[in-house]
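Novice: First the structure, which I've put down as C-alpha cells, then a few questions once you've had a look.
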Amino acid sequence: MAGKVTMQQIADHLGLSKFAVSKALSGKSGVSLETREKIVNVATQLGYFANKSPKAGGKKNETNASGILAARETVIVLVPNVRYQTRDSLYWGRIIDGITNELELRETGMVIVTDQFKDSFANLINPSGVRGIIGVGFISSQLLLEIRSLDIPFVLIDHEDPLIPSDSLFMNNVECMRRVTNYLTGCGHRKLQFVGNIRFSRSFTDRYQGYLSVLGEQGIPLNQNEELLSFEGDNRSEMTEALEMIISRMDELPTAFVCANDSIAICIMTVLGKLGTKVPADCSVTGFDNIEDAAFATPSLSTIHVNKEAFGRRAVEMLMRRVEQPDSPLEKILLAGDFILRESTAYAKKVD
C-alpha cells in the first residue's frame, strides 16, 4: 500500500469504525481481545507501524496537572511485577542498578513503575515530561501499543514483540548456550536434557535453540523429556516440587542437565540430592545468568556470566541514541557472555 497508512484505511479493511481502531492501537480498553488482535495484525500487514518510528516527544513541560511525572529529563523504567521481574530479583535487580547508575552519570531522573495497569498508562504520566522508557523483561503487547501511541522513545531489555517494532537488547543466548553444550559434549556427555519452560520468555526459547543446534550438528539423539520444557512454578520451592515429580518418573537420568537459568539449575541439584544422585560424579548441571546464589550453591554452579549492570548501562545508551536520532534504523543488540566453570560439571561417567 503506497503512502502513509491511516487508521481509516485499517478500519475500512476490517469493516470497523475508526474509533475502534484508535482504541485498539493506543492500548485503551473498550475493544475485545479478539478484535484488538485482528486490528493489530491488519495494521502490521498494511505497514502502519513501519510508518511510525519511535520519536522523541515534543516540547517538554515542567509541570504536571494530573500525572505522576513532570521532570523534563525523566526516564521511566517499566518493570511489571510478573515472571519474577521485581526490583529485589538477583537478576533483574542488578540490571536496574546498571540503569540507575548510568542515568545518574548523565544527570537524568528516573522513576521505576512496577504497577499492573488497570487504566490507561497515559493517565499515570505526563508524556511531555518523559524523555524515554526502558522496558525490563516481559511487557504486554497492549501496554507497548499504548506507549508507542504516546510517541515516547522506548527500548526493551530481554523482550521483543513481533507486532511492535522497537530497539531491543538481549544476551547472545544462542551462542552462549552453544558454548555450554559444546563443552558438555566435549566432556563425553551424550545423554543430555534441557530444562526450562520455553514458552516463559524469548531468552529461554533462544537458549533451547542453541542447545538443539549443537546436538544436531554432532548427531546426538535428542530424546528430550517434553515435561522439562513446560513445567511451571512461581518460586524455587514450587519449581523443585514440579521437577521432582518429573525426574522421579524418568526411566533413566541423563548424564547432564542443561538449565535455562541458575534458579532452575539449583532446583535440579536439590532434586538430584533427594534422589541420591551425586553432582557432578553421576550427573553434571549447568545454569545461565551467574546470579549470586550460583557461586554459593553446593556444589558451586557452572554457568554463563551475564554482566547485569553493563546490560542496564547499555540499555540507557541505546535509549539516548533513539532520543537523539529518532529516525535511525531500529537496533537489536546481542551482548556476549562468559562461561564460568565451577564444581557442578565434570566428564561424563564411564559406563562399564
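Please note that chains go A, B, ... in the order of the C-alpha cells, that every chain numbers its residues from 1, and that ligands are numbered from 1 in the order shown.
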Quick one: residues within 9 Å of Leu169 of chain A, only C-alpha atoms counted, chain neighbours fewer than 3 positions away excluded, as a CSV table (one decimal) with C-alpha atoms, in the first residue's frame?
Specialist:
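Written file, result.csv:
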```csv
chain,number,residue,atom,x,y,z
A,155,VAL,CA,13.8,0.3,24.3
A,156,LEU,CA,13.2,-3.2,25.6
A,157,ILE,CA,15.5,-5.4,27.6
A,158,ASP,CA,15.2,-9.2,27.1
A,159,HIS,CA,12.0,-8.9,25.2
A,160,GLU,CA,10.6,-8.0,21.8
A,311,PHE,CA,23.3,-4.7,30.5
A,314,ARG,CA,23.9,-0.4,27.6
A,315,ALA,CA,20.1,0.0,27.6
A,318,MET,CA,20.5,2.7,23.4
A,331,GLU,CA,18.6,-2.0,16.5
A,332,LYS,CA,18.7,-5.4,18.1
A,333,ILE,CA,21.9,-5.7,20.1
A,334,LEU,CA,23.3,-9.0,21.4
A,335,LEU,CA,25.7,-8.9,24.3
```
Novice: Give me the residues within 9 Å of Ala281 of chain A as number ranges by chain, counting only C-alpha atoms and dropping any in the same chain fewer than 5 places off.
Specialist: A: 344-349
Novice: Write a file of the just-selected residues containing N, CA and C atoms, as an mmCIF file, in the first residue's frame.
Specialist:
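Result went into out.cif, see below:
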```cif
data_model
loop_
_atom_site.group_PDB
_atom_site.id
_atom_site.type_symbol
_atom_site.label_atom_id
_atom_site.label_comp_id
_atom_site.auth_asym_id
_atom_site.auth_seq_id
_atom_site.Cartn_x
_atom_site.Cartn_y
_atom_site.Cartn_z
ATOM 1 N N SER A 344 29.999 -27.985 39.407
ATOM 2 C CA SER A 344 28.813 -28.795 39.071
ATOM 3 C C SER A 344 28.949 -29.553 37.756
ATOM 4 N N THR A 345 30.090 -29.413 37.079
ATOM 5 C CA THR A 345 30.288 -30.116 35.805
ATOM 6 C C THR A 345 31.571 -30.922 35.844
ATOM 7 N N ALA A 346 31.541 -32.050 35.132
ATOM 8 C CA ALA A 346 32.714 -32.937 35.053
ATOM 9 C C ALA A 346 32.567 -33.813 33.819
ATOM 10 N N TYR A 347 33.582 -34.626 33.556
ATOM 11 C CA TYR A 347 33.491 -35.555 32.431
ATOM 12 C C TYR A 347 32.365 -36.556 32.704
ATOM 13 N N ALA A 348 31.754 -37.020 31.635
ATOM 14 C CA ALA A 348 30.652 -37.979 31.766
ATOM 15 C C ALA A 348 31.148 -39.256 32.434
ATOM 16 N N LYS A 349 30.302 -39.808 33.282
ATOM 17 C CA LYS A 349 30.643 -41.031 33.974
ATOM 18 C C LYS A 349 30.738 -42.167 32.987
#
```
Novice: Suppose you want the space between atom CA of Ala242 of chain A and atom CA of Val174 of chain A; what is it in Å?
Specialist: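 According to the coordinates, atom CA of Ala242 of chain A and atom CA of Val174 of chain A are separated by 26.1 Å.
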Novice: What is the atom CA of Phe154 of chain A-atom CA of Asp167 of chain A distance in Å, reported with one decimal?
Specialist: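 Answer for the atom CA of Phe154 of chain A to atom CA of Asp167 of chain A separation: 7.3 Å.
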Novice: DSSP says alpha helix (DSSP H) for which residues of segment 169-238 of chain A? Put them as a ChimeraX atom specification?
Specialist: /A:173-186,202-218,236-238
Novice: Return as a Markdown table the residues of segment 192-235 of chain A lying at most 8 Å from segment 252-266 of chain A, together with the closest atom-to-atom pair for each and the distance in Å to one decimal, counting only C-alpha atoms, with rows in chain order and ascending residue number.
Specialist:
```
| residue | atom | partner | partner_atom | distance |
| --- | --- | --- | --- | --- |
| A:Leu192 | CA | A:Ala256 | CA | 4.9 |
| A:Gln193 | CA | A:Phe257 | CA | 5.0 |
| A:Phe194 | CA | A:Val258 | CA | 4.7 |
| A:Val195 | CA | A:Cys259 | CA | 4.6 |
| A:Gly196 | CA | A:Ala260 | CA | 5.1 |
| A:Phe204 | CA | A:Ala260 | CA | 5.9 |
| A:Arg207 | CA | A:Ala260 | CA | 6.7 |
| A:Tyr208 | CA | A:Ala260 | CA | 7.7 |
```
Novice: Pull C-alpha atoms from the residues just selected and write them as a tab-separated table (two decimals), in the first residue's frame.
Specialist:
```tsv
chain	number	residue	atom	x	y	z
A	192	LEU	CA	21.52	-34.61	27.94
A	193	GLN	CA	18.26	-32.91	28.92
A	194	PHE	CA	17.35	-29.24	28.56
A	195	VAL	CA	15.36	-27.83	31.49
A	196	GLY	CA	13.25	-24.69	31.20
A	204	PHE	CA	14.56	-19.37	27.14
A	207	ARG	CA	18.78	-20.87	24.69
A	208	TYR	CA	16.94	-24.05	23.76
```
Novice: I'd like to know which of A:Ser166, A:Asp293, A:Ile147, A:Arg249 is closest to Leu275 of chain A, using only C-alpha atoms.
Specialist: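 Looking only at the distances to Leu275 of chain A, the closest residue turns out to be A:Arg249.
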Novice: When you look at Pro162 of chain A with a cut-off of 12 Å (counting only C-alpha atoms), what residues show up, excluding the ones that are within fewer than 2 positions of it in the same chain? I need them as a list in words.
Specialist: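 Surrounding residues, per the criterion: Val40, Asn41, Thr44, Gln45, Phe49, Ser140, Ser141, Leu144, Leu145, His159, Glu160, Ile164, Pro165, Ser166, Ser168 and Arg202 of chain A.
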Novice: Deliver the residues from the most recent selection as a file, using C-alpha atoms, as a PDB file, in the first residue's frame.
Specialist:
```pdb
ATOM      1  CA  VAL A  40      -3.085  -5.120  15.234  1.00  0.00           C
ATOM      2  CA  ASN A  41      -2.483  -7.899  12.722  1.00  0.00           C
ATOM      3  CA  THR A  44       1.083  -4.749  10.805  1.00  0.00           C
ATOM      4  CA  GLN A  45       0.311  -6.271   7.403  1.00  0.00           C
ATOM      5  CA  PHE A  49       3.754   0.545  12.415  1.00  0.00           C
ATOM      6  CA  SER A 140       2.423  -6.885  27.275  1.00  0.00           C
ATOM      7  CA  SER A 141       1.524  -6.013  23.691  1.00  0.00           C
ATOM      8  CA  LEU A 144       3.548  -1.430  24.228  1.00  0.00           C
ATOM      9  CA  LEU A 145       0.840  -0.239  21.846  1.00  0.00           C
ATOM     10  CA  HIS A 159      11.974  -8.868  25.216  1.00  0.00           C
ATOM     11  CA  GLU A 160      10.644  -8.035  21.771  1.00  0.00           C
ATOM     12  CA  ILE A 164       5.508  -3.691  17.629  1.00  0.00           C
ATOM     13  CA  PRO A 165       8.994  -2.904  16.278  1.00  0.00           C
ATOM     14  CA  SER A 166      11.418  -1.422  18.777  1.00  0.00           C
ATOM     15  CA  SER A 168      15.867  -4.306  21.886  1.00  0.00           C
ATOM     16  CA  ARG A 202      12.182 -15.306  24.292  1.00  0.00           C
TER      17      ARG A 202
END
```
Novice: Identify, on the basis of only C-alpha atoms, every residue whose closest approach to Asp338 of chain A does not exceed 10 Å; exclude the query and any residue fewer than 5 positions from it along the same chain; express the result as a list in words.
Specialist: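 In the requested format, the answer is Cys176, Arg179, Val180, Asp289, Asn290, Thr303, Ile304, His305, Val306 and Asn307 of chain A.
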Novice: Restricted to C-alpha atoms, what would the selected residues look like written as a short mmCIF file (atom, residue, chain, number, x, y, z; two decimals), in the first residue's frame?
Specialist:
```cif
data_model
loop_
_atom_site.label_atom_id
_atom_site.label_comp_id
_atom_site.auth_asym_id
_atom_site.auth_seq_id
_atom_site.Cartn_x
_atom_site.Cartn_y
_atom_site.Cartn_z
CA CYS A 176 26.18 -18.71 24.89
CA ARG A 179 29.26 -22.84 24.20
CA VAL A 180 27.81 -24.64 27.23
CA ASP A 289 22.95 -15.80 34.35
CA ASN A 290 25.54 -16.22 37.15
CA THR A 303 27.04 -21.06 34.37
CA ILE A 304 27.06 -18.26 31.81
CA HIS A 305 28.06 -14.97 33.34
CA VAL A 306 25.78 -12.09 32.39
CA ASN A 307 27.24 -8.68 33.26
#
```
Novice: Nearest to Ala310 of chain A among A:Leu90, A:Val31, A:Ile95, A:Ala24, with distances taken over only C-alpha atoms: which residue is it?
Specialist: A:Ile95
Novice: DSSP on the backbone, strand (DSSP E) only: what residues of segment 208-328 of chain A does that give? Format it as a PyMOL selection string.
Specialist: chain A and resi 256-259+284-286+303-305
Novice: Calculate how many Å separate atom CA of Val42 of chain A from atom CA of Lys23 of chain A, rounding to one decimal.
Specialist: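 Taking atom CA of Val42 of chain A and atom CA of Lys23 of chain A, their separation equals 14.6 Å.
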